[in-house]
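Each remark here refers to the structure printed beneath this line.
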Amino acid sequence: TLTTAAHADEIYSTFGPGDTYQNAIGWTISGSTSPVGNAYSIAASFSVAQNYNLTSIDVASFYVTGMNSFVYSIVADNAGAPTGSSLWSLTTPISNGINTFGASGSLLAGNTYWLVMEPGNADTWGAWNHSSVASNGFSTQQNGGAWTDSPGGTSPTFRVNGTTVRTALTPEMPAGVQAIPVLLAVGGMALYQRKKKATRTDA
């Protein structure tokens with residue numbers, strides 16, 4: 001039979017050493033009636049090499065004004081855009097800095113996924129901090145339109161965490177359990193020999 005053991009992994013990260021990032025600048029996340037005047041959402045992609053179960057995400061972001069409400073979600077890639085099926089979603093206020101949220105869902109090896117940050121209300125305005133080390137592509141959405149790829153921009157700062165399963169072959173029955181009848185048989189034989197010897201001596 002197979003037994004499994006899970007351990008925590010950093011699946012993907014755009015944080016710098018020591019969780020550094022550009023804390024004074026970020027990509028705008030805003031609603032249509034915010035002072036920005038337009039609704040903006042950002043999505044950052046990541047790929048996985050193994051099967052994982054999500055446990056949490058860490059996002060460097062900050063709140064500016066309006067309702068402190070933001071929507072985070074992880075969705076499957078669909079032809080290079082964050083329009084696939086949703087694995088997980090959370091609507092929450094944020095603090096200025098690194099925000100950690102519990103997450104759940106299954107990520108399959110070889111697939112690409114997107115972490116999406118959207119405004120939670122029409123007047124919401126905040127930002128997703130720039131990474132200090134990564135310049136991978138990401139996508140932006142304006143006023144609910146099509147997602148636009150931004151291959152040359154500085155990545156938003158985030159980390160995806162999860163568990164991967166390790167498998168190990170174990171015996172059908174523990175060796176100690178199998179040894180018990182053998183030991184009993186040997187013990188019984190020794191007892192029989194002692195009784196037999198004692199009988200012959202008495203005779």
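We label chains A, B, ... in the order they appear in the structure tokens, count residues from 1 in each chain, and number ligands from 1 in the order shown.
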Checklist entry - Out of range 124-156 of chain A, which residues get strand (DSSP E) from DSSP, as a PyMOL selection string? => result chain A and resi 125-130+138-142+148-150
Checklist entry - Which residues, written as a list of chain:residue names, have at least one atom at most 7 Å from Thr65 in chain A, with only C-alpha atoms counted and residues fewer than 2 positions away on the same chain left out? => result A:Tyr63, A:Met67, A:Thr124, A:Trp125, A:Gly126
Using the selection just defined, write its residues with all heavy atoms as a PDB file, in the first residue's frame.
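Writing the result to out_31.pdb gives the following:
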ATOM      1  N   TYR A  63      -3.539  50.194   0.699  1.00  0.00           N
ATOM      2  CA  TYR A  63      -4.839  50.843   0.553  1.00  0.00           C
ATOM      3  C   TYR A  63      -4.634  52.351   0.438  1.00  0.00           C
ATOM      4  O   TYR A  63      -3.793  52.928   1.110  1.00  0.00           O
ATOM      5  CB  TYR A  63      -5.704  50.486   1.758  1.00  0.00           C
ATOM      6  CG  TYR A  63      -6.890  51.382   1.971  1.00  0.00           C
ATOM      7  CD1 TYR A  63      -8.023  51.283   1.161  1.00  0.00           C
ATOM      8  CD2 TYR A  63      -6.890  52.315   3.004  1.00  0.00           C
ATOM      9  CE1 TYR A  63      -9.120  52.105   1.367  1.00  0.00           C
ATOM     10  CE2 TYR A  63      -7.987  53.135   3.220  1.00  0.00           C
ATOM     11  CZ  TYR A  63      -9.097  53.027   2.398  1.00  0.00           C
ATOM     12  OH  TYR A  63     -10.175  53.841   2.615  1.00  0.00           O
ATOM     13  N   MET A  67     -13.732  52.496  -0.039  1.00  0.00           N
ATOM     14  CA  MET A  67     -13.953  51.301   0.772  1.00  0.00           C
ATOM     15  C   MET A  67     -12.725  50.398   0.712  1.00  0.00           C
ATOM     16  O   MET A  67     -12.231  50.100  -0.372  1.00  0.00           O
ATOM     17  CB  MET A  67     -15.189  50.541   0.301  1.00  0.00           C
ATOM     18  CG  MET A  67     -15.498  49.297   1.144  1.00  0.00           C
ATOM     19  SD  MET A  67     -16.971  48.403   0.587  1.00  0.00           S
ATOM     20  CE  MET A  67     -18.251  49.566   1.097  1.00  0.00           C
ATOM     21  N   THR A 124     -13.343  51.962  -4.383  1.00  0.00           N
ATOM     22  CA  THR A 124     -12.097  51.417  -3.839  1.00  0.00           C
ATOM     23  C   THR A 124     -10.881  51.881  -4.637  1.00  0.00           C
ATOM     24  O   THR A 124     -10.904  51.914  -5.868  1.00  0.00           O
ATOM     25  CB  THR A 124     -12.147  49.885  -3.846  1.00  0.00           C
ATOM     26  OG1 THR A 124     -13.201  49.436  -2.995  1.00  0.00           O
ATOM     27  CG2 THR A 124     -10.835  49.282  -3.372  1.00  0.00           C
ATOM     28  N   TRP A 125      -9.812  52.218  -3.902  1.00  0.00           N
ATOM     29  CA  TRP A 125      -8.548  52.550  -4.556  1.00  0.00           C
ATOM     30  C   TRP A 125      -7.400  52.034  -3.687  1.00  0.00           C
ATOM     31  O   TRP A 125      -7.311  52.342  -2.505  1.00  0.00           O
ATOM     32  CB  TRP A 125      -8.418  54.062  -4.758  1.00  0.00           C
ATOM     33  CG  TRP A 125      -7.152  54.490  -5.477  1.00  0.00           C
ATOM     34  CD1 TRP A 125      -6.290  53.702  -6.169  1.00  0.00           C
ATOM     35  CD2 TRP A 125      -6.639  55.822  -5.564  1.00  0.00           C
ATOM     36  NE1 TRP A 125      -5.266  54.446  -6.697  1.00  0.00           N
ATOM     37  CE2 TRP A 125      -5.450  55.768  -6.344  1.00  0.00           C
ATOM     38  CE3 TRP A 125      -7.073  57.052  -5.075  1.00  0.00           C
ATOM     39  CZ2 TRP A 125      -4.688  56.884  -6.619  1.00  0.00           C
ATOM     40  CZ3 TRP A 125      -6.307  58.180  -5.358  1.00  0.00           C
ATOM     41  CH2 TRP A 125      -5.134  58.094  -6.125  1.00  0.00           C
ATOM     42  N   GLY A 126      -6.564  51.234  -4.307  1.00  0.00           N
ATOM     43  CA  GLY A 126      -5.371  50.728  -3.640  1.00  0.00           C
ATOM     44  C   GLY A 126      -4.331  50.386  -4.679  1.00  0.00           C
ATOM     45  O   GLY A 126      -4.423  50.822  -5.832  1.00  0.00           O
TER      46      GLY A 126
END
Can you tell me which residues surround range 87-89 of chain A at a distance of at most 8 Å, considering only C-alpha atoms, apart from same-chain residues fewer than 2 positions away, and format the answer as a compact mmCIF listing (two decimals) with N, CA and C atoms, in the first residue's frame?
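The file below, out.txt, is the result:
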# COMPACT_ATOMS: atom_id res chain seq x y z
N VAL A 71 -10.72 42.09 -3.92
CA VAL A 71 -11.04 40.70 -4.26
C VAL A 71 -9.79 40.03 -4.80
N TYR A 72 -9.38 38.94 -4.13
CA TYR A 72 -8.28 38.12 -4.61
C TYR A 72 -8.85 36.80 -5.12
N SER A 73 -8.32 36.32 -6.21
CA SER A 73 -8.76 35.02 -6.72
C SER A 73 -7.63 34.35 -7.48
N ILE A 74 -7.68 33.04 -7.53
CA ILE A 74 -6.76 32.26 -8.34
C ILE A 74 -7.60 31.53 -9.39
N VAL A 75 -7.26 31.77 -10.65
CA VAL A 75 -8.03 31.18 -11.75
C VAL A 75 -7.08 30.48 -12.71
N ALA A 76 -7.62 29.55 -13.45
CA ALA A 76 -6.83 28.81 -14.43
C ALA A 76 -6.59 29.67 -15.67
N SER A 85 -11.35 28.67 -15.22
CA SER A 85 -12.18 28.38 -14.06
C SER A 85 -11.53 28.90 -12.78
N THR A 91 -12.81 38.06 -0.66
CA THR A 91 -13.02 39.52 -0.59
C THR A 91 -12.63 39.97 0.80
N ALA A 103 -5.72 30.04 1.67
CA ALA A 103 -6.30 29.72 0.36
C ALA A 103 -6.47 28.22 0.25
N SER A 104 -7.28 27.79 -0.70
CA SER A 104 -7.49 26.37 -0.91
C SER A 104 -7.75 26.11 -2.39
N GLY A 105 -7.59 24.86 -2.78
CA GLY A 105 -7.77 24.48 -4.17
C GLY A 105 -6.60 23.62 -4.63
N SER A 106 -6.76 22.94 -5.75
CA SER A 106 -5.74 22.04 -6.27
C SER A 106 -5.11 22.61 -7.54
Checklist outcome for this item: Trp128 in chain A proximity check over A:Thr112, A:Thr28, A:Asn96, A:Ser34, using only C-alpha atoms: winner is A:Thr28
Checklist entry - Among range 62-188 of chain A, which ones does DSSP place in alpha helix (DSSP H), written as number ranges by chain? => result A: 175-188
Those residues with C-alpha atoms, as a tab-separated table (two decimals), in the first residue's frame please?
chain	number	residue	atom	x	y	z
A	175	ALA	CA	7.24	-6.67	10.03
A	176	GLY	CA	6.75	-6.73	13.81
A	177	VAL	CA	3.19	-7.98	13.38
A	178	GLN	CA	4.26	-10.74	11.02
A	179	ALA	CA	6.99	-11.85	13.48
A	180	ILE	CA	4.59	-12.44	16.37
A	181	PRO	CA	3.30	-15.89	15.22
A	182	VAL	CA	6.88	-16.96	14.48
A	183	LEU	CA	8.07	-15.97	17.93
A	184	LEU	CA	5.12	-17.70	19.54
A	185	ALA	CA	5.87	-20.87	17.58
A	186	VAL	CA	9.54	-20.81	18.60
A	187	GLY	CA	8.57	-20.17	22.22
A	188	GLY	CA	6.07	-23.01	22.15
Next on the checklist: Env of Gly110 in chain A: 8 Å cut, atoms = only C-alpha atoms, seq-sep filter 5 positions within chain, self excluded. Answer as a VMD selection string.
Outcome noted: chain A and resid 47 to 50
Serialized selection, all heavy atoms, as a JSON list (two decimals), in the first residue's frame:
[["chain", "number", "residue", "atom", "x", "y", "z"],
["A", 47, "SER", "N", 3.33, 29.29, -12.99],
["A", 47, "SER", "CA", 3.18, 27.90, -13.43],
["A", 47, "SER", "C", 3.67, 26.96, -12.35],
["A", 47, "SER", "O", 4.50, 27.32, -11.53],
["A", 47, "SER", "CB", 3.95, 27.67, -14.73],
["A", 47, "SER", "OG", 3.45, 28.50, -15.78],
["A", 48, "VAL", "N", 3.17, 25.72, -12.38],
["A", 48, "VAL", "CA", 3.56, 24.75, -11.36],
["A", 48, "VAL", "C", 4.13, 23.50, -12.03],
["A", 48, "VAL", "O", 3.68, 23.09, -13.09],
["A", 48, "VAL", "CB", 2.37, 24.37, -10.45],
["A", 48, "VAL", "CG1", 1.89, 25.58, -9.68],
["A", 48, "VAL", "CG2", 1.22, 23.78, -11.26],
["A", 49, "ALA", "N", 5.15, 22.93, -11.39],
["A", 49, "ALA", "CA", 5.81, 21.74, -11.93],
["A", 49, "ALA", "C", 5.32, 20.45, -11.29],
["A", 49, "ALA", "O", 5.61, 19.36, -11.78],
["A", 49, "ALA", "CB", 7.32, 21.87, -11.75],
["A", 50, "GLN", "N", 4.61, 20.56, -10.16],
["A", 50, "GLN", "CA", 4.09, 19.40, -9.46],
["A", 50, "GLN", "C", 2.62, 19.65, -9.10],
["A", 50, "GLN", "O", 2.12, 20.76, -9.26],
["A", 50, "GLN", "CB", 4.87, 19.14, -8.16],
["A", 50, "GLN", "CG", 6.36, 18.92, -8.37],
["A", 50, "GLN", "CD", 7.06, 18.63, -7.06],
["A", 50, "GLN", "OE1", 6.75, 17.67, -6.37],
["A", 50, "GLN", "NE2", 8.02, 19.46, -6.71]]
Item to check | Surrounding residues of Pro17 in chain A excluding itself and chain neighbours under 4 positions, 10 Å, only C-alpha atoms, as an MDAnalysis selection string | outcome: chainID A and resid 21 132:133
